[in-house]
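Chemist: One structure is given below, represented as structure tokens, and several questions about it will come after.
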Amino acid sequence: MRLLLISDTHLPKRAKTLPTQLLDEVARADIVVHAGDWVDAATLDLLQARARRLIGVYGNNDGLELRARLPEVAYAELEGLRLGVVHETGAAQGRERRCADRFPELDVLVFGHSHIPWDSTADDRLRLLNPGSPTDRRRQPYCTYMTAEVSAGRLTEVELHRLLRRG
């Protein structure tokens with residue numbers, strides 16, 4: 001099962017459209033995971049129409065319409081893998097401990113907010129992943145997203161992808 005992990009699309013404020021490379025990945029993914037800060041409902045509509053399955057949450061920049069359509073925290077079991085999605089996890093310092101305490105039942109937690117890619121493990125059990133942002137690199141050298149595979153209850157082949165600069 002192929003996962004596409006994205007967050008912080010911020011359309012149309014940070015970009016007018018999603019990058020073509022990312023939309024190509026949507027077509028290849030079995031599940032698209034979006035960790036919030038969509039900003040516009042059109043992006044949600046687009047991904048719902050194109051994705052085989054979409055798991056998403058709202059972020060701090062998402063208004064009432066998105067909050068009415070999306071949860072603050074989402075949970076899914078994927079071939080035995082217990083996945084959670086949330087937008088904010090707080091400061092980088094102490095993140096592993098906070099998330100392990102808050103989500104003791106999960107194997108993987110996908111989050112966003114910082115636009116900074118993150119891949120770590122808490123307590124040798126909870127994998128924490130932030131795919132960055134495909135549209136707003138902030139202080140990062142590239143805009144990014146992640147892909148991963150789920151097989152027999154395990155997350156494998158986690159890869160951070162850099163997007164080519166626009167313009």
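Residues in the structure tokens are numbered from 1 in each chain, the chains being A, B, ... in the order shown, and ligands are numbered from 1 in the order shown.
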Based on the backbone DSSP call, show me all residues of chain A assigned helix (DSSP H, G or I), as a ChimeraX atom specification.
Modeler: /A:20-28,41-50,64-69,95-102
Chemist: With N, CA and C atoms kept, could you save the residues just selected as a short mmCIF file (atom, residue, chain, number, x, y, z; two decimals), in the first residue's frame?
Modeler:
data_model
loop_
_atom_site.label_atom_id
_atom_site.label_comp_id
_atom_site.auth_asym_id
_atom_site.auth_seq_id
_atom_site.Cartn_x
_atom_site.Cartn_y
_atom_site.Cartn_z
N THR A 20 2.64 19.89 -10.21
CA THR A 20 2.32 18.75 -11.07
C THR A 20 2.93 17.46 -10.54
N GLN A 21 4.17 17.53 -10.07
CA GLN A 21 4.84 16.34 -9.52
C GLN A 21 4.03 15.75 -8.37
N LEU A 22 3.47 16.60 -7.53
CA LEU A 22 2.66 16.13 -6.40
C LEU A 22 1.36 15.52 -6.89
N LEU A 23 0.71 16.15 -7.85
CA LEU A 23 -0.54 15.60 -8.39
C LEU A 23 -0.31 14.25 -9.07
N ASP A 24 0.85 14.08 -9.71
CA ASP A 24 1.19 12.77 -10.28
C ASP A 24 1.30 11.71 -9.18
N GLU A 25 1.84 12.10 -8.02
CA GLU A 25 1.95 11.18 -6.89
C GLU A 25 0.57 10.81 -6.34
N VAL A 26 -0.37 11.73 -6.37
CA VAL A 26 -1.74 11.43 -5.90
C VAL A 26 -2.30 10.26 -6.71
N ALA A 27 -2.07 10.27 -8.00
CA ALA A 27 -2.58 9.21 -8.87
C ALA A 27 -1.94 7.85 -8.55
N ARG A 28 -0.70 7.86 -8.06
CA ARG A 28 0.01 6.61 -7.76
C ARG A 28 -0.27 6.09 -6.35
N ALA A 41 -11.01 25.22 0.66
CA ALA A 41 -11.76 23.98 0.51
C ALA A 41 -11.59 23.38 -0.88
N ALA A 42 -11.21 24.19 -1.86
CA ALA A 42 -11.01 23.67 -3.22
C ALA A 42 -9.91 22.61 -3.26
N THR A 43 -8.88 22.76 -2.43
CA THR A 43 -7.81 21.77 -2.39
C THR A 43 -8.33 20.46 -1.80
N LEU A 44 -9.14 20.55 -0.77
CA LEU A 44 -9.78 19.36 -0.21
C LEU A 44 -10.64 18.68 -1.27
N ASP A 45 -11.45 19.46 -1.97
CA ASP A 45 -12.31 18.91 -3.02
C ASP A 45 -11.48 18.21 -4.11
N LEU A 46 -10.39 18.85 -4.52
CA LEU A 46 -9.52 18.30 -5.55
C LEU A 46 -8.94 16.95 -5.11
N LEU A 47 -8.40 16.90 -3.90
CA LEU A 47 -7.79 15.66 -3.43
C LEU A 47 -8.84 14.58 -3.18
N GLN A 48 -10.01 14.96 -2.70
CA GLN A 48 -11.08 13.97 -2.53
C GLN A 48 -11.49 13.37 -3.87
N ALA A 49 -11.49 14.18 -4.92
CA ALA A 49 -11.88 13.71 -6.25
C ALA A 49 -10.80 12.83 -6.88
N ARG A 50 -9.53 13.11 -6.60
CA ARG A 50 -8.44 12.39 -7.28
C ARG A 50 -7.87 11.22 -6.49
N LEU A 64 -13.71 27.87 9.12
CA LEU A 64 -14.88 27.12 9.58
C LEU A 64 -15.33 26.03 8.62
N GLU A 65 -15.29 26.30 7.31
CA GLU A 65 -15.75 25.29 6.35
C GLU A 65 -14.88 24.03 6.43
N LEU A 66 -13.56 24.20 6.46
CA LEU A 66 -12.67 23.05 6.55
C LEU A 66 -12.79 22.35 7.90
N ARG A 67 -12.95 23.12 8.95
CA ARG A 67 -13.12 22.53 10.28
C ARG A 67 -14.42 21.74 10.39
N ALA A 68 -15.43 22.13 9.64
CA ALA A 68 -16.69 21.39 9.64
C ALA A 68 -16.57 20.07 8.87
N ARG A 69 -15.63 20.00 7.94
CA ARG A 69 -15.48 18.82 7.09
C ARG A 69 -14.38 17.86 7.52
N ARG A 95 9.42 16.87 21.49
CA ARG A 95 8.32 16.36 20.65
C ARG A 95 8.12 14.86 20.80
N GLU A 96 9.19 14.08 20.79
CA GLU A 96 9.04 12.64 20.87
C GLU A 96 8.31 12.22 22.15
N ARG A 97 8.72 12.77 23.28
CA ARG A 97 8.09 12.42 24.56
C ARG A 97 6.62 12.83 24.58
N ARG A 98 6.33 14.07 24.15
CA ARG A 98 4.93 14.55 24.15
C ARG A 98 4.05 13.67 23.29
N CYS A 99 4.52 13.34 22.09
CA CYS A 99 3.70 12.55 21.17
C CYS A 99 3.55 11.11 21.65
N ALA A 100 4.60 10.52 22.20
CA ALA A 100 4.50 9.16 22.74
C ALA A 100 3.49 9.13 23.88
N ASP A 101 3.48 10.16 24.71
CA ASP A 101 2.53 10.22 25.82
C ASP A 101 1.10 10.45 25.33
N ARG A 102 0.93 11.31 24.33
CA ARG A 102 -0.40 11.67 23.84
C ARG A 102 -1.02 10.57 22.96
#
Chemist: Find the spatial neighbours of A:Pro19, counting only C-alpha atoms, within a cut-off of 12 Å - ignore same-chain residues fewer than 6 positions away - and output them as a CSV table (one decimal) with C-alpha atoms, in the first residue's frame.
Modeler:
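Final file, part_29.csv:
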chain,number,residue,atom,x,y,z
A,6,ILE,CA,1.6,16.1,2.5
A,9,THR,CA,-0.5,23.4,1.1
A,11,LEU,CA,-3.6,27.4,-1.3
A,25,GLU,CA,2.0,11.2,-6.9
A,26,VAL,CA,-1.7,11.4,-5.9
A,133,SER,CA,5.2,21.7,2.6
A,134,PRO,CA,4.9,21.3,-1.2
A,135,THR,CA,4.2,25.0,-1.7
A,136,ASP,CA,6.0,27.0,1.0
A,143,CYS,CA,9.4,22.4,-0.9
A,144,THR,CA,8.8,18.8,0.1
A,145,TYR,CA,6.5,15.8,0.5
A,162,ARG,CA,12.2,17.6,-3.0
A,163,LEU,CA,10.1,19.6,-5.5
A,164,LEU,CA,11.8,21.5,-8.3
A,165,ARG,CA,11.7,25.3,-7.9
A,166,ARG,CA,8.8,27.0,-9.7
A,167,GLY,CA,9.1,29.9,-12.1
Chemist: Which residue, A:Pro71, A:Gly90, A:Gly59, A:Gly80, has the smallest gap to A:Met1 when you use only C-alpha atoms?
Modeler: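 Smallest distance to A:Met1 is found for A:Gly80.
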Chemist: Which residues, written as a PyMOL selection string, have at least one atom at most 9 Å from A:Pro117, with only C-alpha atoms counted and residues fewer than 5 positions away on the same chain left out?
Modeler: chain A and resi 112+129-133+140+144-146+160
Chemist: For stretch 156-158 of chain A, please output as a PyMOL selection string all residues within 8 Å (counting only C-alpha atoms; exclusion window: fewer than 4 positions along the same chain).
Modeler: chain A and resi 146-151
Chemist: Using the selection just defined, write its residues with C-alpha atoms as a PDB file, in the first residue's frame.
Modeler:
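Output below, filename out_2.pdb:
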ATOM      1  CA  MET A 146       6.910  12.182   1.558  1.00  0.00           C
ATOM      2  CA  THR A 147       5.951   8.774   0.265  1.00  0.00           C
ATOM      3  CA  ALA A 148       5.954   5.484   2.158  1.00  0.00           C
ATOM      4  CA  GLU A 149       4.849   1.883   1.850  1.00  0.00           C
ATOM      5  CA  VAL A 150       2.736  -0.108   4.312  1.00  0.00           C
ATOM      6  CA  SER A 151       3.063  -3.873   4.279  1.00  0.00           C
TER       7      SER A 151
END
